[in-house]
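Below: one structure, written as structure tokens.
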Amino acid sequence: MAVYVDDIVMTGSVLSGIQLVKQDLNKEFQTMDLGLRKYFFRIETLQSRHGIILAQRKYILDLLKENGKLGCKPIETLMERNVKLCAGISSDIDVGQFQQLVGN
């Protein structure tokens with residue numbers, strides 16, 4: 001079970017157990033069953049007969065699209081190796097865009 005603010009995601013191998021937990025929660029709280037989730041908290045859930053796959057592909061593609069980087073080529077690191085950083089050196093980095101990307 002994962003809880004985020006007012007959303008709950010439940011998973012398990014025994015469907016009857018999940019149903020019991022949902023019934024108990026519904027006795028105490030007003031709940032709504034939204035069925036199988038495909039996307040929750042920036043994570044895609046892909047279900048197959050072999051199990052569940054968790055991925056952030058959609059989230060990453062959305063980030064790239066929002067920032068005009070969808071057509072960019074991937075690289076291993078975001079900066080050159082062994083670069084010496086010094087205070088006071090100006091750069092053309094958009095600080096606001098960077099903070100949005102890292103969640104600040």
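Letters for chains follow the order of the structure tokens (A, B, ...), residue numbers begin at 1 for each chain, and ligand numbers begin at 1 in the order shown.
For region 26-32 of chain A, the list of residues within 10 Å, based on only C-alpha atoms and with local chain neighbours fewer than 6 positions off taken out, reads A:Asp6, A:Asp7, A:Ile8, A:Leu20.
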Pull N, CA and C atoms from the residues just selected and write them as a JSON list (two decimals), in the first residue's frame.
```json
[["chain", "number", "residue", "atom", "x", "y", "z"],
["A", 6, "ASP", "N", -4.08, 12.29, -0.46],
["A", 6, "ASP", "CA", -5.39, 11.66, -0.34],
["A", 6, "ASP", "C", -5.57, 10.52, -1.34],
["A", 7, "ASP", "N", -4.47, 10.02, -1.87],
["A", 7, "ASP", "CA", -4.52, 8.89, -2.79],
["A", 7, "ASP", "C", -3.87, 7.67, -2.16],
["A", 8, "ILE", "N", -4.45, 6.50, -2.40],
["A", 8, "ILE", "CA", -3.91, 5.24, -1.90],
["A", 8, "ILE", "C", -3.82, 4.27, -3.08],
["A", 20, "LEU", "N", -10.82, -6.95, 1.11],
["A", 20, "LEU", "CA", -11.09, -6.78, 2.55],
["A", 20, "LEU", "C", -10.54, -5.46, 3.07]]
```
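Looking only at chain A, the set that DSSP places in strand (DSSP E or B) from backbone geometry is Ala2, Val3, Tyr4, Asp7, Ile8, Val9, Tyr39, Phe40, Ile43, Glu44, Thr45, Leu46, Gln47, Ser48, Gly51, Ile52, Ile53, Leu54 and Ala55 of chain A.
A straight line drawn from CA of Val95 (chain A) to CA of Ile43 (chain A) is 26.0 Å long.
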Do a neighbour search on Leu70 (chain A) at 7 Å with only C-alpha atoms, toss out local chain neighbours closer than 3 positions, and write the hits as a short mmCIF file (atom, residue, chain, number, x, y, z; two decimals) with N, CA, C and O atoms, in the first residue's frame.
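Resulting contents of around.cif:
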```
data_model
loop_
_atom_site.label_atom_id
_atom_site.label_comp_id
_atom_site.auth_asym_id
_atom_site.auth_seq_id
_atom_site.Cartn_x
_atom_site.Cartn_y
_atom_site.Cartn_z
N LEU A 61 9.62 11.96 -20.69
CA LEU A 61 9.25 12.54 -21.99
C LEU A 61 8.50 13.85 -21.81
O LEU A 61 8.73 14.81 -22.56
N LEU A 64 11.08 16.53 -20.89
CA LEU A 64 11.84 16.92 -22.08
C LEU A 64 11.01 17.82 -22.99
O LEU A 64 11.51 18.82 -23.50
N LYS A 65 9.75 17.47 -23.19
CA LYS A 65 8.87 18.25 -24.05
C LYS A 65 8.65 19.65 -23.48
O LYS A 65 8.74 20.65 -24.19
#
```
* Distance query Tyr39 (chain A) at most 9 Å, only C-alpha atoms, self and fewer than 6 positions along chain excluded, as a ChimeraX atom specification -> /A:45-46,58
Include all heavy atoms and write out the residues we just selected as a PDB file, in the first residue's frame.
```pdb
ATOM      1  N   THR A  45       2.448   2.341 -14.457  1.00  0.00           N
ATOM      2  CA  THR A  45       2.365   0.934 -14.076  1.00  0.00           C
ATOM      3  C   THR A  45       1.835   0.152 -15.265  1.00  0.00           C
ATOM      4  O   THR A  45       0.766   0.434 -15.789  1.00  0.00           O
ATOM      5  CB  THR A  45       1.439   0.721 -12.861  1.00  0.00           C
ATOM      6  OG1 THR A  45       0.155   1.246 -13.163  1.00  0.00           O
ATOM      7  CG2 THR A  45       1.990   1.405 -11.627  1.00  0.00           C
ATOM      8  N   LEU A  46       2.625  -0.790 -15.716  1.00  0.00           N
ATOM      9  CA  LEU A  46       2.271  -1.623 -16.854  1.00  0.00           C
ATOM     10  C   LEU A  46       2.067  -3.037 -16.339  1.00  0.00           C
ATOM     11  O   LEU A  46       2.967  -3.616 -15.738  1.00  0.00           O
ATOM     12  CB  LEU A  46       3.384  -1.579 -17.906  1.00  0.00           C
ATOM     13  CG  LEU A  46       3.850  -0.164 -18.295  1.00  0.00           C
ATOM     14  CD1 LEU A  46       5.146  -0.211 -19.068  1.00  0.00           C
ATOM     15  CD2 LEU A  46       2.771   0.541 -19.086  1.00  0.00           C
ATOM     16  N   LYS A  58       7.051   8.138 -19.343  1.00  0.00           N
ATOM     17  CA  LYS A  58       6.126   9.228 -19.651  1.00  0.00           C
ATOM     18  C   LYS A  58       6.540  10.514 -18.942  1.00  0.00           C
ATOM     19  O   LYS A  58       6.533  11.589 -19.540  1.00  0.00           O
ATOM     20  CB  LYS A  58       4.702   8.843 -19.262  1.00  0.00           C
ATOM     21  CG  LYS A  58       3.671   9.928 -19.568  1.00  0.00           C
ATOM     22  CD  LYS A  58       2.295   9.552 -19.047  1.00  0.00           C
ATOM     23  CE  LYS A  58       1.232  10.576 -19.297  1.00  0.00           C
ATOM     24  NZ  LYS A  58       1.592  11.963 -19.209  1.00  0.00           N
TER      25      LYS A  58
END
```
* Structure fact -> Counting only C-alpha atoms, the residue among A:Gln97, A:Gln19, A:Asn82, A:Gln56 that lies closest to Glu44 (chain A) is A:Gln56
Among chain A, which residues does DSSP mark as helix (DSSP H, G or I) when it is run on the backbone? Keep the chain and numbering as in the structure and answer as a short mmCIF file (atom, residue, chain, number, x, y, z; two decimals) with C-alpha atoms, in the first residue's frame.
```
data_model
loop_
_atom_site.label_atom_id
_atom_site.label_comp_id
_atom_site.auth_asym_id
_atom_site.auth_seq_id
_atom_site.Cartn_x
_atom_site.Cartn_y
_atom_site.Cartn_z
CA LEU A 15 -7.35 -10.15 -4.63
CA SER A 16 -9.63 -11.14 -1.74
CA GLY A 17 -7.17 -9.56 0.72
CA ILE A 18 -7.18 -6.30 -1.21
CA GLN A 19 -10.99 -6.34 -1.25
CA LEU A 20 -11.09 -6.78 2.55
CA VAL A 21 -8.74 -3.84 3.11
CA LYS A 22 -10.84 -1.68 0.78
CA GLN A 23 -14.02 -2.63 2.66
CA ASP A 24 -12.42 -1.80 6.02
CA LEU A 25 -11.20 1.58 4.74
CA ASN A 26 -14.62 2.34 3.31
CA LYS A 27 -16.22 1.75 6.74
CA GLU A 28 -14.08 4.49 8.30
CA ARG A 57 9.24 7.00 -19.31
CA LYS A 58 6.13 9.23 -19.65
CA TYR A 59 7.33 11.59 -16.91
CA ILE A 60 10.76 11.97 -18.52
CA LEU A 61 9.25 12.54 -21.99
CA ASP A 62 6.90 15.18 -20.53
CA LEU A 63 9.85 16.94 -18.85
CA LEU A 64 11.84 16.92 -22.08
CA LYS A 65 8.87 18.25 -24.05
CA GLU A 66 8.11 21.03 -21.51
CA VAL A 95 18.38 28.93 -12.82
CA GLY A 96 14.57 28.94 -12.70
CA GLN A 97 14.32 26.20 -15.31
CA PHE A 98 16.95 24.12 -13.50
CA GLN A 99 15.12 24.50 -10.16
CA GLN A 100 11.85 23.44 -11.79
CA LEU A 101 13.50 20.33 -13.26
CA VAL A 102 14.95 19.23 -9.92
#
```
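CA of Arg49 (chain A) sits 22.2 Å away from CA of Asp33 (chain A).
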* Structure fact -> Between A:Gln47, A:Phe41, A:Gly68, A:Glu76, smallest distance to Thr11 (chain A) by only C-alpha atoms belongs to A:Gln47
